[in-house]
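Engineer: This one is start33.cif, mmCIF, C-alpha atoms.
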```cif
data_my_file
#
loop_
_atom_site.label_atom_id
_atom_site.label_comp_id
_atom_site.auth_asym_id
_atom_site.auth_seq_id
_atom_site.Cartn_x
_atom_site.Cartn_y
_atom_site.Cartn_z
CA MET P 19 0.00 0.00 0.00
CA THR P 20 1.43 3.37 -0.94
CA MET P 21 1.03 6.57 1.04
CA GLU P 22 -0.32 9.63 -0.73
CA LYS P 23 2.08 12.56 -1.07
CA PRO P 24 1.36 16.29 -1.04
CA THR P 25 0.39 17.65 -4.42
CA ALA P 26 -0.26 21.09 -5.83
CA THR P 27 -3.95 20.17 -6.00
CA TRP P 28 -4.12 19.66 -2.24
CA ARG P 29 -2.38 22.95 -1.62
CA ALA P 30 -4.40 25.04 -4.05
CA THR P 31 -7.86 23.61 -3.54
CA ALA P 32 -9.26 23.87 -0.05
CA PRO P 33 -12.43 22.09 1.09
CA ARG P 34 -15.35 24.46 0.91
CA ARG P 35 -15.86 24.34 4.66
CA SER P 36 -12.19 24.52 5.72
CA ILE P 37 -13.04 28.01 7.02
CA LEU P 38 -16.05 28.13 9.35
CA ARG P 39 -17.56 31.43 10.41
CA GLY P 40 -18.39 32.38 13.97
CA ARG P 41 -20.24 35.44 15.17
CA LYS P 42 -19.70 38.92 13.75
CA SER P 43 -17.42 41.32 15.60
CA GLY P 44 -19.35 43.12 18.28
CA ASP P 45 -22.06 40.45 18.67
CA ALA P 46 -22.85 39.34 22.19
CA GLY P 47 -20.55 36.48 23.11
CA GLN P 48 -22.48 34.85 25.96
CA ASN P 49 -22.87 31.60 24.01
CA ASN P 50 -19.98 32.01 21.63
CA PHE P 51 -17.95 29.06 22.81
CA VAL P 52 -16.27 26.82 20.27
CA LEU P 53 -14.02 23.77 20.31
CA VAL P 54 -11.98 22.55 17.35
CA ILE P 55 -9.78 19.43 17.42
CA HIS P 56 -7.44 17.39 15.26
CA GLY P 57 -6.18 13.84 15.60
CA GLY P 58 -3.21 13.94 13.24
CA ALA P 59 -2.57 14.61 9.56
CA GLY P 60 -0.63 13.48 6.56
CA THR P 61 -0.38 9.71 6.29
CA MET P 62 -3.89 8.32 5.89
CA ASN P 63 -5.27 7.31 2.50
CA ARG P 64 -8.52 6.07 1.01
CA GLU P 65 -7.02 2.84 -0.31
CA GLY P 66 -6.59 1.51 3.19
CA SER P 67 -9.92 2.73 4.54
CA THR P 68 -13.32 1.12 4.93
CA PRO P 69 -16.61 2.69 6.04
CA GLU P 70 -16.26 0.86 9.35
CA LYS P 71 -12.74 2.13 9.96
CA ARG P 72 -13.67 5.70 9.07
CA ALA P 73 -16.66 5.51 11.39
CA LEU P 74 -14.39 4.32 14.21
CA TYR P 75 -12.14 7.37 13.88
CA ARG P 76 -15.02 9.79 13.54
CA ALA P 77 -16.74 8.32 16.61
CA ALA P 78 -13.54 8.84 18.61
CA LEU P 79 -13.35 12.45 17.42
CA GLY P 80 -16.98 12.89 18.41
CA ARG P 81 -16.29 11.63 21.94
CA ALA P 82 -13.43 14.12 22.29
CA LEU P 83 -15.60 16.99 21.07
CA LYS P 84 -18.41 16.08 23.46
CA ALA P 85 -16.02 15.89 26.40
CA GLY P 86 -14.82 19.43 25.74
CA HIS P 87 -18.33 20.67 25.02
CA GLU P 88 -19.51 19.49 28.45
CA VAL P 89 -16.97 21.86 30.02
CA LEU P 90 -17.75 24.84 27.81
CA LYS P 91 -21.55 24.65 27.99
CA SER P 92 -21.43 24.91 31.77
CA GLY P 93 -19.32 28.06 31.56
CA GLY P 94 -16.02 26.27 32.10
CA GLU P 95 -12.55 27.40 31.11
CA ALA P 96 -11.19 26.96 27.59
CA MET P 97 -8.13 25.38 29.21
CA ASP P 98 -10.17 22.63 30.86
CA ALA P 99 -12.24 21.98 27.73
CA ALA P 100 -9.17 21.59 25.54
CA VAL P 101 -7.50 19.24 28.03
CA ALA P 102 -10.70 17.18 28.33
CA ALA P 103 -10.84 16.72 24.56
CA VAL P 104 -7.17 15.85 24.24
CA THR P 105 -7.38 13.39 27.14
CA VAL P 106 -10.00 11.38 25.25
CA MET P 107 -7.69 11.13 22.24
CA GLU P 108 -4.67 10.31 24.42
CA ASP P 109 -6.61 7.35 25.85
CA CYS P 110 -7.52 6.08 22.37
CA PRO P 111 -4.96 3.87 20.58
CA LEU P 112 -6.12 5.13 17.19
CA PHE P 113 -4.20 8.39 17.60
CA ASN P 114 -0.48 9.11 17.90
CA SER P 115 -0.42 10.32 21.49
CA ALA P 116 -0.08 8.59 24.86
CA LYS P 117 -1.81 5.19 24.50
CA GLY P 118 -1.42 5.20 20.70
CA ALA P 119 2.07 6.75 20.61
CA VAL P 120 4.61 5.65 18.03
CA PHE P 121 8.04 4.23 18.88
CA ASN P 122 11.41 5.85 18.42
CA VAL P 123 14.30 4.12 16.67
CA ALA P 124 15.20 2.30 19.89
CA GLY P 125 11.69 0.92 20.34
CA LYS P 126 10.72 3.31 23.15
CA ASN P 127 7.94 5.87 23.53
CA GLU P 128 8.93 9.48 24.15
CA LEU P 129 5.91 11.75 24.57
CA GLU P 130 5.42 15.51 24.26
CA ALA P 131 2.68 17.97 25.17
CA SER P 132 1.99 21.70 25.36
CA ILE P 133 -0.56 24.24 26.51
CA MET P 134 -0.91 27.96 25.80
CA LEU P 135 -3.55 30.54 26.69
CA SER P 136 -4.39 33.85 25.06
CA LYS P 137 -4.84 35.37 28.54
CA PRO P 138 -4.80 34.08 32.12
CA PRO P 139 -7.70 31.79 33.03
CA ALA P 140 -10.54 33.44 34.91
CA ALA P 141 -10.31 30.91 37.73
CA HIS P 142 -6.68 31.90 38.33
CA PRO P 143 -6.65 35.71 38.12
CA ALA P 144 -3.31 35.95 39.94
CA MET P 145 -1.54 34.11 37.14
CA PRO P 146 1.08 36.46 35.64
CA THR P 147 0.09 37.64 32.18
CA SER P 148 3.61 36.82 31.05
CA ARG P 149 3.04 33.15 31.89
CA ARG P 150 1.46 32.22 28.58
CA GLY P 151 2.07 28.50 28.43
CA THR P 152 4.07 25.40 29.33
CA SER P 153 5.46 22.52 27.30
CA LEU P 154 6.98 19.11 27.95
CA THR P 155 9.15 16.67 26.04
CA LEU P 156 10.80 13.26 26.51
CA LEU P 157 8.11 11.91 28.80
CA THR P 158 8.08 8.13 29.28
CA CYS P 159 5.58 7.26 32.01
CA THR P 160 2.88 9.95 32.22
CA ARG P 161 -0.47 8.47 31.29
CA ASN P 162 -1.94 11.76 30.05
CA PRO P 163 0.71 14.34 29.13
CA SER P 164 -1.97 16.99 28.53
CA GLN P 165 -3.03 16.77 32.17
CA LEU P 166 0.57 17.08 33.35
CA VAL P 167 1.25 20.14 31.21
CA ARG P 168 -1.93 21.80 32.51
CA ALA P 169 -0.98 21.08 36.12
CA LEU P 170 2.53 22.47 35.62
CA TYR P 171 1.18 25.60 33.96
CA LEU P 172 -0.99 26.23 37.02
CA ALA P 173 1.95 25.72 39.41
CA PRO P 174 4.45 28.52 38.66
CA GLU P 175 5.86 28.26 42.15
CA ILE P 176 6.92 24.65 41.45
CA ALA P 177 7.66 24.85 37.72
CA PRO P 178 8.53 28.44 36.75
CA HIS P 179 10.02 27.51 33.38
CA PRO P 180 8.11 27.51 30.06
CA MET P 181 9.55 24.12 29.03
CA LEU P 182 10.62 21.01 30.94
CA SER P 183 11.70 17.53 29.96
CA GLY P 184 11.96 13.95 31.05
CA ALA P 185 12.01 12.34 34.46
CA ALA P 186 12.29 15.57 36.43
CA ALA P 187 9.04 16.93 34.99
CA GLU P 188 7.28 13.62 35.57
CA ALA P 189 8.51 13.46 39.16
CA ILE P 190 7.13 16.92 39.89
CA GLY P 191 3.80 15.87 38.42
CA SER P 192 3.48 12.59 40.30
CA GLU P 193 4.96 13.69 43.64
CA HIS P 194 3.53 17.20 43.95
CA LEU P 195 0.56 17.51 41.60
CA GLY P 196 -1.12 14.10 41.74
CA ILE P 197 -0.64 13.24 38.06
CA ASP P 198 -0.97 9.54 37.20
CA THR P 199 2.05 7.65 35.92
CA VAL P 200 2.13 4.20 34.33
CA ASP P 201 4.65 1.56 33.45
CA PRO P 202 6.07 2.31 29.96
CA SER P 203 4.54 -0.96 28.73
CA TYR P 204 1.14 0.78 28.91
CA PHE P 205 1.98 2.63 25.69
CA TRP P 206 2.76 -0.55 23.74
CA THR P 207 0.29 -1.42 20.99
CA GLU P 208 0.75 -4.12 18.40
CA ALA P 209 -0.04 -1.89 15.44
CA ARG P 210 2.52 0.78 16.38
CA TRP P 211 5.11 -1.92 17.12
CA ARG P 212 4.61 -3.41 13.65
CA GLU P 213 5.04 0.05 12.10
CA HIS P 214 8.24 0.56 14.06
CA ARG P 215 9.73 -2.73 12.86
CA ARG P 216 8.63 -2.28 9.27
CA GLY P 217 10.20 1.15 9.22
CA LEU P 218 13.53 -0.42 10.25
CA GLY P 219 13.23 -3.14 7.61
CA LEU P 220 12.60 -5.85 10.22
CA PRO P 221 9.94 -8.59 10.30
CA ASP P 222 6.59 -7.47 11.65
CA SER P 223 6.81 -9.46 14.85
CA ASP P 224 9.47 -10.33 17.38
CA SER P 225 7.83 -12.41 20.06
CA ASP P 226 10.65 -12.00 22.59
CA THR P 227 10.73 -8.21 22.31
CA ALA P 228 6.95 -7.94 22.21
CA THR P 229 6.71 -9.98 25.40
CA GLU P 230 9.27 -7.72 27.04
CA VAL P 231 7.66 -4.37 26.23
CA GLY P 232 4.02 -5.27 25.73
CA THR P 233 1.45 -7.79 26.90
CA SER P 234 -0.69 -10.40 25.25
CA THR P 235 -3.74 -8.35 26.22
CA SER P 236 -2.54 -5.17 24.49
CA GLU P 237 -5.35 -3.68 22.44
CA LYS P 238 -5.31 -4.66 18.76
CA PHE P 239 -6.42 -2.34 16.00
CA ASP P 240 -5.64 -1.59 12.38
CA PRO P 241 -4.80 2.12 12.05
CA LEU P 242 -5.87 4.18 9.08
CA ASP P 243 -2.68 6.25 9.18
CA LEU P 244 0.65 4.59 8.35
CA MET P 245 4.01 5.53 9.94
CA PRO P 246 2.40 8.62 11.52
CA THR P 247 4.16 11.91 12.13
CA GLY P 248 1.13 13.69 13.55
CA THR P 249 -0.28 14.74 16.90
CA VAL P 250 -3.58 15.35 18.60
CA GLY P 251 -4.70 18.82 19.54
CA ALA P 252 -7.56 21.04 20.63
CA VAL P 253 -8.22 24.76 20.54
CA ALA P 254 -11.08 26.09 22.64
CA LEU P 255 -12.77 29.47 23.03
CA ASP P 256 -14.78 30.00 26.21
CA VAL P 257 -17.53 32.52 27.01
CA ARG P 258 -15.01 34.93 28.53
CA GLY P 259 -13.07 35.15 25.27
CA CYS P 260 -10.07 33.12 26.42
CA ILE P 261 -8.53 30.84 23.80
CA THR P 262 -6.46 27.80 24.78
CA ALA P 263 -4.42 25.49 22.55
CA VAL P 264 -3.42 22.04 23.84
CA THR P 265 -1.33 19.57 21.83
CA SER P 266 -0.02 16.07 22.60
CA THR P 267 2.02 13.58 20.58
CA GLY P 268 4.24 10.53 20.43
CA GLY P 269 6.34 12.23 17.76
CA ARG P 270 7.29 10.66 14.46
CA THR P 271 7.79 6.94 13.89
CA ASN P 272 11.42 5.85 14.40
CA LYS P 273 12.63 9.30 15.38
CA LEU P 274 16.11 9.45 16.89
CA VAL P 275 16.31 8.98 20.64
CA GLY P 276 15.97 12.37 22.32
CA ARG P 277 14.46 14.10 19.29
CA VAL P 278 12.33 17.12 20.19
CA GLY P 279 9.51 17.93 17.79
CA ASP P 280 7.36 20.99 17.26
CA THR P 281 4.73 20.10 19.86
CA PRO P 282 6.75 21.47 22.81
CA VAL P 283 8.30 24.35 20.82
CA MET P 284 6.28 27.49 21.54
CA GLY P 285 5.41 29.29 18.32
CA SER P 286 6.09 26.28 16.10
CA GLY P 287 3.55 23.57 16.88
CA PHE P 288 1.27 25.61 19.15
CA TRP P 289 0.33 29.19 19.93
CA ALA P 290 -2.33 31.31 21.64
CA GLU P 291 -2.35 35.07 21.93
CA GLU P 292 -4.50 38.15 22.41
CA TRP P 293 -3.50 41.65 21.25
CA LYS P 294 -4.94 45.14 21.11
CA ARG P 295 -5.40 46.65 17.69
CA GLU P 296 -2.98 49.55 17.29
CA GLY P 297 -3.26 52.79 15.33
CA GLY P 298 -3.97 56.48 15.49
CA LEU P 299 -7.30 58.27 15.71
CA LEU P 300 -8.07 57.83 12.02
CA LYS P 301 -7.40 54.11 12.05
CA ARG P 302 -9.34 53.58 15.27
CA THR P 303 -12.29 55.46 13.77
CA TRP P 304 -12.09 53.39 10.59
CA ASP P 305 -11.92 50.19 12.66
CA ARG P 306 -15.07 51.20 14.55
CA LEU P 307 -16.89 51.92 11.31
CA ARG P 308 -15.89 48.47 10.04
CA GLY P 309 -17.01 46.83 13.27
CA LYS P 310 -13.51 45.73 14.20
CA PRO P 311 -13.01 44.71 17.84
CA VAL P 312 -10.52 46.48 20.10
CA TYR P 313 -8.88 43.16 20.92
CA GLU P 314 -8.14 40.23 18.66
CA GLY P 315 -6.86 36.78 19.47
CA VAL P 316 -6.06 33.40 18.01
CA GLY P 317 -5.15 29.87 19.03
CA VAL P 318 -3.33 27.35 16.83
CA SER P 319 -2.39 23.67 17.05
CA GLY P 320 -0.37 21.98 14.33
CA THR P 321 -0.01 18.41 13.14
CA GLY P 322 2.29 16.87 10.58
CA ASP P 323 6.03 16.78 9.99
CA GLY P 324 7.09 18.90 12.96
CA ASP P 325 10.63 19.57 11.75
CA TYR P 326 9.19 21.93 9.13
CA TYR P 327 6.92 23.64 11.66
CA ILE P 328 9.98 24.41 13.76
CA ARG P 329 11.91 25.83 10.81
CA GLN P 330 9.04 28.14 9.87
CA ASN P 331 7.66 28.95 13.33
CA THR P 332 4.33 28.01 11.81
CA ALA P 333 1.85 28.50 14.65
CA SER P 334 2.82 32.02 15.71
CA THR P 335 3.13 33.12 12.09
CA VAL P 336 -0.66 32.83 11.83
CA ALA P 337 -0.97 35.45 14.56
CA ARG P 338 1.64 37.74 12.99
CA ARG P 339 -0.12 37.66 9.63
CA MET P 340 -3.42 38.52 11.31
CA GLN P 341 -1.87 41.30 13.40
CA TYR P 342 0.46 43.01 10.94
CA LEU P 343 -1.05 42.15 7.54
CA GLU P 344 -4.63 42.28 8.89
CA GLU P 345 -5.41 39.00 7.16
CA PRO P 346 -8.56 37.20 8.31
CA LEU P 347 -8.02 33.92 10.13
CA GLY P 348 -8.74 31.68 7.16
CA GLN P 349 -6.33 33.48 4.85
CA ALA P 350 -3.53 33.60 7.41
CA ALA P 351 -3.91 29.92 8.25
CA GLN P 352 -3.96 28.86 4.61
CA GLN P 353 -0.85 30.91 3.83
CA VAL P 354 1.25 29.23 6.51
CA VAL P 355 0.14 25.77 5.40
CA ASN P 356 1.01 26.69 1.81
CA ALA P 357 4.44 27.81 3.01
CA LEU P 358 4.99 24.42 4.65
CA PHE P 359 4.14 22.74 1.36
CA GLU P 360 6.64 24.87 -0.54
CA ASP P 361 9.42 23.54 1.68
CA GLY P 362 8.19 19.95 1.50
CA GLY P 363 6.38 19.94 4.84
CA MET P 364 3.26 17.79 5.06
CA GLY P 365 0.44 18.44 7.51
CA GLY P 366 -2.18 20.90 8.63
CA ILE P 367 -3.30 23.17 11.45
CA ILE P 368 -6.44 24.01 13.36
CA ALA P 369 -6.97 27.65 14.30
CA LEU P 370 -9.64 29.62 16.15
CA ASP P 371 -10.10 33.35 16.67
CA ARG P 372 -11.96 35.40 19.31
CA ASN P 373 -15.06 35.65 17.12
CA GLY P 374 -15.38 31.88 16.92
CA ASN P 375 -14.15 31.61 13.34
CA VAL P 376 -12.41 28.30 12.67
CA ALA P 377 -9.82 27.37 10.04
CA LEU P 378 -8.66 23.81 9.29
CA PRO P 379 -6.29 24.01 6.29
CA LEU P 380 -4.13 21.05 5.24
CA ASN P 381 -1.76 20.28 2.38
CA CYS P 382 -1.93 16.49 2.44
CA SER P 383 -4.32 13.60 1.95
CA GLY P 384 -6.20 14.02 5.19
CA MET P 385 -6.45 15.30 8.74
CA TYR P 386 -8.70 13.90 11.45
CA ARG P 387 -10.61 16.99 12.50
CA GLY P 388 -13.78 18.23 14.12
CA VAL P 389 -15.70 21.22 15.47
CA ILE P 390 -18.44 21.59 18.06
CA ARG P 391 -20.44 24.73 18.91
CA PRO P 392 -23.16 25.55 21.46
CA ASP P 393 -25.68 23.31 19.67
CA GLY P 394 -23.63 20.31 20.85
CA VAL P 395 -23.49 18.61 17.45
CA PRO P 396 -20.03 17.14 16.67
CA MET P 397 -19.00 17.81 13.08
CA THR P 398 -16.06 15.74 11.82
CA ALA P 399 -14.09 14.84 8.69
CA ILE P 400 -11.00 12.85 7.69
CA PHE P 401 -9.90 13.25 4.08
CA PHE P 402 -8.83 16.43 2.33
CA ASP P 403 -11.86 16.89 0.12
CA GLU P 404 -14.45 16.14 2.81
CA GLU P 405 -16.62 18.77 4.43
CA LEU P 406 -17.32 18.52 8.13
CA SER P 407 -20.48 16.55 8.73
CA GLU P 408 -22.42 14.86 11.52
CA LEU P 409 -21.65 11.18 11.94
#
```
Is it possible to express this structure as structure tokens?
Structural biologist:
Amino acid sequence: MTMEKPTATWRATAPRRSILRGRKSGDAGQNNFVLVIHGGAGTMNREGSTPEKRALYRAALGRALKAGHEVLKSGGEAMDAAVAAVTVMEDCPLFNSAKGAVFNVAGKNELEASIMLSKPPAAHPAMPTSRRGTSLTLLTCTRNPSQLVRALYLAPEIAPHPMLSGAAAEAIGSEHLGIDTVDPSYFWTEARWREHRRGLGLPDSDSDTATEVGTSTSEKFDPLDLMPTGTVGAVALDVRGCITAVTSTGGRTNKLVGRVGDTPVMGSGFWAEEWKREGGLLKRTWDRLRGKPVYEGVGVSGTGDGDYYIRQNTASTVARRMQYLEEPLGQAAQQVVNALFEDGGMGGIIALDRNGNVALPLNCSGMYRGVIRPDGVPMTAIFFDEELSEL
């Protein structure tokens, strides 16, 4: 089975609903909460799919969307909604994060996660405005990295740094913050192990090694994506106008030991920010006439070949294009994904602004993705040319 590669057609022709409109600027925002998620991009293809397999993925996306929606509809924080959604995907072996994480070249799982907020959460008003986010890399025994990164973000007195790695971060989480850890064998799945061995040119199975790192009861499944490089992520907007981006991943299949991807690199694989529109009296007057808000904001989570996202600082570039070029969300998001394509980078992003507009551009064969709004209806899609629809 061959994997589909990026083509000019994918780059130039976006799905009709890759840009979804929220409320107009200035509208009341009491019910303007939104959650958008992704479950990875770049390596799935139609040849290896069946209706049953596609339904399995879309049902998992729907569960993640509903988990986040439960938080938002009760007036909860964007941060908690995004973590709730990502946790569902981390617990599902279909996706390349936590339970479904890929193996590195040495046959081990090294996990990464990140969180970033456009402004401090309402429930923690004392949080310094300069403390925008936290990221983690080289985790090996944290069951849900998204929960650890949230807990560390909320504990500046324990973890003042914006990025931590490895055993020290996990020890802080388990000993001081009550975060669950597991034996590394928890992350072993037969499908990811087969991918690891195939990628090294080895036979699919090695009973001795499998017995050592996995168990006979490990969950079996046949993934739609092959040799994944993607992540899972969520971007949420709550009723107070706070945007939070949360991302979690196992990295890329057979990465070198110790490789750090874009997921923990602030500005590359994730970003969230709020800014005040600048300008003199004339510009401010013109902005008012056009119905432009005083403040704008955006949250971004990326998925794909993270090395390219690092080189281009992909996630924060969306914000810079919106702020300095005054591009709308959809245009800014599409431009950065096109730029990835030009350099050979395969993947996509999800992005959300303060008005509830959503963008989901991609330059490859597919991206597991979904959106849920106050009506509570999960809308999902997988392949490039699909519009979001109810399962």
Engineer: Just give me the gap between CA of Gly268 (chain P) and CA of Gly374 (chain P) in Å, one decimal is fine.
Structural biologist: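 Taking CA of Gly268 (chain P) and CA of Gly374 (chain P), their separation equals 29.2 Å.
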Engineer: CA of Trp211 (chain P) and CA of Thr160 (chain P), how far apart in Å?
Structural biologist: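 Going from CA of Thr160 (chain P) over to CA of Trp211 (chain P) covers 19.3 Å.
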Engineer: Distance CA of Thr249 (chain P)-CA of Leu83 (chain P), one decimal place?
Structural biologist: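 Going from CA of Thr249 (chain P) over to CA of Leu83 (chain P) covers 16.0 Å.
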Engineer: Considering all atoms listed in the file, state which residue in the set P:Leu242, P:Ala333, P:Ile400, P:Val278 is at the smallest distance from Leu112 (chain P).
Structural biologist: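 Closest residue, counting all atoms listed in the file: P:Leu242.
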Engineer: Which residue, P:Leu195, P:Val101, P:Leu74, P:Ala144, has the smallest gap to Pro163 (chain P) when you use all atoms listed in the file?
Structural biologist: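 Checking each of P:Leu195, P:Val101, P:Leu74, P:Ala144 against Pro163 (chain P), counting all atoms listed in the file, the winner is P:Val101.
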Engineer: Expand the PyMOL selection byres ((chain P and resi 197-199) around 6) into the explicit residue set it covers here, and present it as a list in words.
Structural biologist: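 For this structure, the PyMOL selection byres ((chain P and resi 197-199) around 6) resolves to Cys159, Thr160, Arg161, Gly191, Ser192, Leu195, Gly196 and Val200 of chain P.
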Engineer: Determine the residue membership of the PyMOL selection byres ((chain P and resi 390) around 10) for the file above and supply it as a list in words.
Structural biologist: Phe51, Val52, Leu53, Val54, Ile55, Gly80, Ala82, Leu83, Lys84, Gly86, His87, Ala254, Gly388, Val389, Arg391, Pro392, Asp393, Gly394, Val395, Pro396, Met397 and Thr398 of chain P
